[in-house]
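Coordinates as given in final_15.cif (mmCIF, C-alpha atoms):
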```cif
data_structure
#
loop_
_atom_site.label_atom_id
_atom_site.label_comp_id
_atom_site.auth_asym_id
_atom_site.auth_seq_id
_atom_site.Cartn_x
_atom_site.Cartn_y
_atom_site.Cartn_z
CA MET U 1206 -28.94 -79.45 68.44
CA MET U 1207 -27.89 -79.42 64.75
CA GLN U 1208 -29.34 -75.93 64.31
CA ARG U 1209 -27.40 -74.62 67.31
CA TRP U 1210 -24.07 -75.99 66.01
CA SER U 1211 -24.85 -74.74 62.52
CA LYS U 1212 -25.35 -71.23 63.89
CA VAL U 1213 -21.99 -71.44 65.67
CA ILE U 1214 -20.24 -72.68 62.53
CA ALA U 1215 -21.87 -69.96 60.41
CA ARG U 1216 -20.79 -67.28 62.89
CA LEU U 1217 -17.23 -68.62 63.05
CA SER U 1218 -16.75 -69.06 59.32
CA LEU U 1219 -18.12 -65.62 58.42
CA THR U 1220 -16.22 -63.74 61.11
CA CYS U 1221 -13.04 -65.73 60.39
CA TRP U 1222 -13.29 -64.75 56.73
CA LEU U 1223 -13.62 -61.08 57.64
CA GLY U 1224 -10.68 -61.27 60.02
CA ALA U 1225 -8.55 -63.12 57.49
CA ALA U 1226 -9.37 -60.65 54.71
CA ILE U 1227 -8.61 -57.65 56.92
CA PHE U 1228 -5.38 -59.28 58.08
CA PHE U 1229 -4.41 -60.01 54.49
CA VAL U 1230 -4.96 -56.41 53.42
CA ALA U 1231 -3.21 -55.00 56.50
CA VAL U 1232 -0.19 -57.31 56.47
CA ALA U 1233 0.29 -59.18 53.21
CA ILE U 1234 -0.30 -56.26 50.86
CA ARG U 1235 2.43 -54.17 52.51
CA PRO U 1236 5.37 -55.92 50.85
CA ILE U 1237 3.66 -55.74 47.45
CA ARG U 1238 3.44 -51.96 47.81
CA SER U 1239 6.93 -51.59 49.27
CA PRO U 1240 9.34 -49.31 47.44
CA PHE U 1241 12.16 -51.65 48.52
CA LEU U 1242 11.08 -54.47 46.19
CA ASP U 1243 11.41 -54.48 42.42
CA SER U 1244 8.42 -55.15 40.17
CA GLN U 1245 9.41 -58.81 39.54
CA SER U 1246 9.52 -59.52 43.28
CA LYS U 1247 6.16 -57.82 43.76
CA ALA U 1248 4.68 -59.88 40.94
CA LEU U 1249 6.05 -63.07 42.50
CA LEU U 1250 4.59 -62.17 45.90
CA ALA U 1251 1.20 -61.44 44.35
CA SER U 1252 1.19 -64.73 42.47
CA LEU U 1253 2.05 -66.58 45.68
CA LEU U 1254 -0.37 -64.81 48.04
CA PHE U 1255 -3.57 -64.15 46.12
CA PRO U 1256 -4.56 -67.74 45.22
CA GLY U 1257 -4.60 -68.51 48.95
CA TYR U 1258 -6.69 -65.43 49.65
CA TYR U 1259 -9.33 -66.53 47.17
CA ALA U 1260 -9.25 -70.20 48.27
CA PHE U 1261 -9.66 -69.17 51.90
CA GLY U 1262 -12.51 -66.82 51.02
CA PHE U 1263 -14.39 -69.35 48.90
CA SER U 1264 -13.94 -72.05 51.57
CA LEU U 1265 -15.11 -69.99 54.52
CA LEU U 1266 -18.00 -68.37 52.65
CA SER U 1267 -19.15 -71.79 51.40
CA VAL U 1268 -19.01 -73.25 54.90
CA GLY U 1269 -20.96 -70.21 56.13
CA TRP U 1270 -23.54 -70.69 53.38
CA VAL U 1271 -24.09 -74.38 54.18
CA ALA U 1272 -24.16 -73.76 57.94
CA THR U 1273 -26.70 -70.97 57.45
CA CYS U 1274 -28.91 -73.31 55.42
CA LEU U 1275 -28.77 -75.84 58.27
CA SER U 1276 -29.32 -73.30 61.06
CA GLY U 1277 -33.06 -72.94 60.75
CA PRO U 1278 -35.68 -70.90 58.90
CA ARG U 1279 -34.96 -67.60 60.68
CA ARG U 1280 -31.47 -67.54 59.18
CA LEU U 1281 -32.56 -68.52 55.69
CA SER U 1282 -33.56 -65.07 54.53
CA TRP U 1283 -31.29 -62.06 54.82
CA GLN U 1284 -28.16 -63.79 56.06
CA LEU U 1285 -28.27 -66.34 53.25
CA LEU U 1286 -28.92 -63.58 50.72
CA TRP U 1287 -25.82 -61.62 51.82
CA ILE U 1288 -23.59 -64.72 51.83
CA SER U 1289 -24.90 -65.67 48.39
CA LEU U 1290 -24.13 -62.17 47.13
CA ALA U 1291 -20.61 -62.36 48.58
CA LEU U 1292 -20.05 -65.75 46.91
CA GLY U 1293 -21.46 -64.50 43.61
CA ILE U 1294 -19.26 -61.42 43.70
CA ALA U 1295 -16.19 -63.52 44.56
CA THR U 1296 -16.97 -65.88 41.68
CA ALA U 1297 -17.42 -63.01 39.22
CA ASP U 1298 -14.18 -61.46 40.48
CA TRP U 1299 -12.33 -64.77 40.08
CA ILE U 1300 -13.55 -65.34 36.52
CA TRP U 1301 -13.56 -61.88 34.97
CA ILE U 1302 -11.08 -59.85 36.99
CA TYR U 1303 -8.64 -61.91 39.07
CA SER U 1304 -7.88 -64.58 36.44
CA PRO U 1305 -6.80 -62.08 33.75
CA LEU U 1306 -4.92 -60.08 36.39
CA ALA U 1307 -3.14 -63.21 37.62
CA GLU U 1308 -2.12 -64.05 34.06
CA MET U 1309 -0.71 -60.55 33.58
CA THR U 1310 1.21 -60.90 36.85
CA ARG U 1311 2.49 -64.34 35.85
CA LEU U 1312 3.75 -63.01 32.53
CA GLN U 1313 5.36 -60.09 34.32
CA TRP U 1314 7.22 -62.46 36.61
CA VAL U 1315 8.05 -65.29 34.20
CA GLU U 1316 8.87 -63.24 31.12
CA GLN U 1317 10.01 -60.18 33.04
CA ALA U 1318 7.69 -58.12 30.88
CA ALA U 1319 6.14 -54.83 31.82
CA PRO U 1320 2.48 -55.10 32.80
CA PRO U 1321 0.06 -54.23 29.99
CA ALA U 1322 -1.82 -50.95 29.97
CA SER U 1323 -5.00 -52.73 31.13
CA PHE U 1324 -3.30 -53.93 34.34
CA ARG U 1325 -4.21 -50.85 36.38
CA GLY U 1326 -7.86 -51.00 35.33
CA TYR U 1327 -8.10 -54.66 36.33
CA HIS U 1328 -6.32 -53.92 39.60
CA LEU U 1329 -8.70 -51.08 40.48
CA ALA U 1330 -11.69 -53.22 39.52
CA SER U 1331 -10.39 -56.02 41.72
CA MET U 1332 -10.00 -53.69 44.70
CA ALA U 1333 -13.52 -52.31 44.19
CA ILE U 1334 -15.23 -55.67 43.74
CA ASN U 1335 -13.36 -57.16 46.71
CA SER U 1336 -14.52 -54.23 48.85
CA VAL U 1337 -18.14 -54.83 47.85
CA GLY U 1338 -17.77 -58.56 48.50
CA LEU U 1339 -16.30 -57.91 51.94
CA LEU U 1340 -19.12 -55.50 52.72
CA CYS U 1341 -21.64 -58.24 51.85
CA SER U 1342 -19.66 -60.67 54.02
CA ALA U 1343 -19.63 -58.19 56.91
CA ILE U 1344 -23.39 -57.72 56.72
CA ALA U 1345 -23.87 -61.50 56.70
CA ALA U 1346 -21.52 -61.85 59.70
CA VAL U 1347 -23.39 -59.17 61.65
CA LEU U 1348 -26.68 -60.92 60.90
CA ALA U 1349 -25.19 -64.27 61.96
CA CYS U 1350 -24.00 -62.82 65.26
CA GLN U 1351 -27.34 -61.25 66.16
CA PRO U 1352 -28.77 -62.73 69.35
CA GLU U 1353 -31.88 -64.83 69.10
CA ARG U 1354 -35.18 -63.18 69.90
CA ALA U 1355 -36.51 -64.05 73.33
CA GLU U 1356 -39.53 -66.02 72.06
CA SER U 1357 -37.37 -68.25 69.83
CA VAL U 1358 -34.97 -68.93 72.73
CA ILE U 1359 -37.89 -69.87 75.00
CA LYS U 1360 -39.45 -72.05 72.29
CA ALA U 1361 -36.10 -73.85 71.75
CA ALA U 1362 -35.66 -74.46 75.49
CA THR U 1363 -39.07 -76.14 75.84
#
```
Could you rewrite the structure in this file as structure tokens?
Amino acid sequence: MMQRWSKVIARLSLTCWLGAAIFFVAVAIRPIRSPFLDSQSKALLASLLFPGYYAFGFSLLSVGWVATCLSGPRRLSWQLLWISLALGIATADWIWIYSPLAEMTRLQWVEQAAPPASFRGYHLASMAINSVGLLCSAIAAVLACQPERAESVIKAAT
């Protein structure tokens, strides 16, 4: 019974993370790229939105990781590997890319300073590493949503 609920929780958390990330990119990024807002307003929006994006991602991926561990030996191989990669990528992004980028954005908003020359490089790196992390998350979600093989379903029913 625990394995069945763990599979459901893993499926929900991984697919919810993908949906949330896609929604964030489709909806929340629009105002930041809008020509109608000045750079200080864009910096403020980024500093308000992105911490929630990362917190949501870490939370849902962590729940997916734990649920996958509890969902039985079949799920402990590839699915766990892809979730672990996504979490590792998100952690590396948070430490080495997002944190310096957030500090640059904070200084831009608080001190009304122009972003440093390295801002664009960090921003491009963040977009690239987030894309790779989401790809890993998508692969894990697809693996989580795969139907059980017939023999494992029969074995579980008996």
Item to check | Residue with smallest distance to His1328 (chain U) - pool U:Ala1307, U:Val1268, U:Cys1341, U:Leu1275, counting all atoms listed in the file | outcome: U:Ala1307
Checklist entry - Which residues come within 9 Å of Asn1335 (chain U), counting only C-alpha atoms, excluding same-chain residues fewer than 4 positions away, as a ChimeraX atom specification? => result /U:1294-1295,1298,1330-1331,1339-1340
Item to check | Who sits within 10 Å of Leu1290 (chain U), all atoms listed in the file, same chain under 4 positions skipped, as a VMD selection string | outcome: chain U and resid 1284 to 1286 1294 to 1296 1337 to 1338 1341 to 1342 1345
Next on the checklist: Expand the PyMOL selection byres ((chain U and resi 1276) around 8) into the explicit residue set it covers here, and present it as a ChimeraX atom specification.
Outcome noted: /U:1207-1212,1272-1275,1277-1278,1280-1281
Item to check | Atomic distance CA of Val1347 (chain U) - CA of Arg1235 (chain U), expressed in Å with one decimal | outcome: 27.8 Å
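The residue that comes closest to Phe1229 (chain U), out of U:Ala1251, U:Leu1312, U:Met1206, U:Ile1334 and on the basis of all atoms listed in the file, is U:Ala1251.
With only C-alpha atoms as the atoms that count, the minimum distance from Ala1260 (chain U) to the choices U:Leu1292, U:Ile1227, U:Ile1234, U:Ala1322 is reached by U:Leu1292.
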Item to check | Gap from CA of Leu1217 (chain U) to CA of Tyr1303 (chain U) - Å, one decimal | outcome: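 Between CA of Leu1217 (chain U) and CA of Tyr1303 (chain U) the gap is 26.3 Å.
Non-sequential neighbours of Ser1289 (chain U) (distance at most 9 Å, separation of 6 or more positions within a chain, all atoms listed in the file) are Leu1266, Ser1267, Trp1270 and Cys1341 of chain U.
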Could you please take those selected residues and save C-alpha atoms as a CSV table (one decimal), in the frame of the given file?
```csv
chain,number,residue,atom,x,y,z
U,1266,LEU,CA,-18.0,-68.4,52.6
U,1267,SER,CA,-19.2,-71.8,51.4
U,1270,TRP,CA,-23.5,-70.7,53.4
U,1341,CYS,CA,-21.6,-58.2,51.8
```
Checklist entry - Could you state the separation of CA of Leu1250 (chain U) and CA of Ile1237 (chain U) in Å, given to one decimal place? => result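 Separation between CA of Leu1250 (chain U) and CA of Ile1237 (chain U): 6.7 Å.
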Checklist entry - Pick the closest to Ala1318 (chain U) from U:Ser1244, U:Gln1351, U:Ser1282, U:Thr1220: which is it, counting all atoms listed in the file? => result U:Ser1244
Checklist entry - Which residue, U:Leu1265, U:Leu1242, U:Ala1248, U:Ile1344, has the smallest gap to Ala1225 (chain U) when you use all atoms listed in the file? => result U:Leu1265
Non-local contacts of Ser1218 (chain U) (6 Å; all atoms listed in the file; under 3 positions in same chain excluded) as an mmCIF file with C-alpha atoms, in the frame of the given file:
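Dumped to selection.cif:
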```cif
data_model
loop_
_atom_site.group_PDB
_atom_site.id
_atom_site.type_symbol
_atom_site.label_atom_id
_atom_site.label_comp_id
_atom_site.auth_asym_id
_atom_site.auth_seq_id
_atom_site.Cartn_x
_atom_site.Cartn_y
_atom_site.Cartn_z
ATOM 1 C CA ILE U 1214 -20.240 -72.680 62.530
ATOM 2 C CA ALA U 1215 -21.870 -69.960 60.410
ATOM 3 C CA CYS U 1221 -13.040 -65.730 60.390
ATOM 4 C CA LEU U 1265 -15.110 -69.990 54.520
ATOM 5 C CA GLY U 1269 -20.960 -70.210 56.130
#
```
Item to check | From U:Leu1219, U:Gln1317, U:Ile1300, U:Pro1305, residue lying nearest Asp1243 (chain U) [all atoms listed in the file] | outcome: U:Gln1317
Next on the checklist: Quick one: residues within 8 Å of Met1309 (chain U), all atoms listed in the file, excluding same-chain residues fewer than 5 positions away - as a list of chain:residue names?
Outcome noted: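 With the cut-off at 8 Å, the set is U:Pro1320, U:Pro1321, U:Phe1324.
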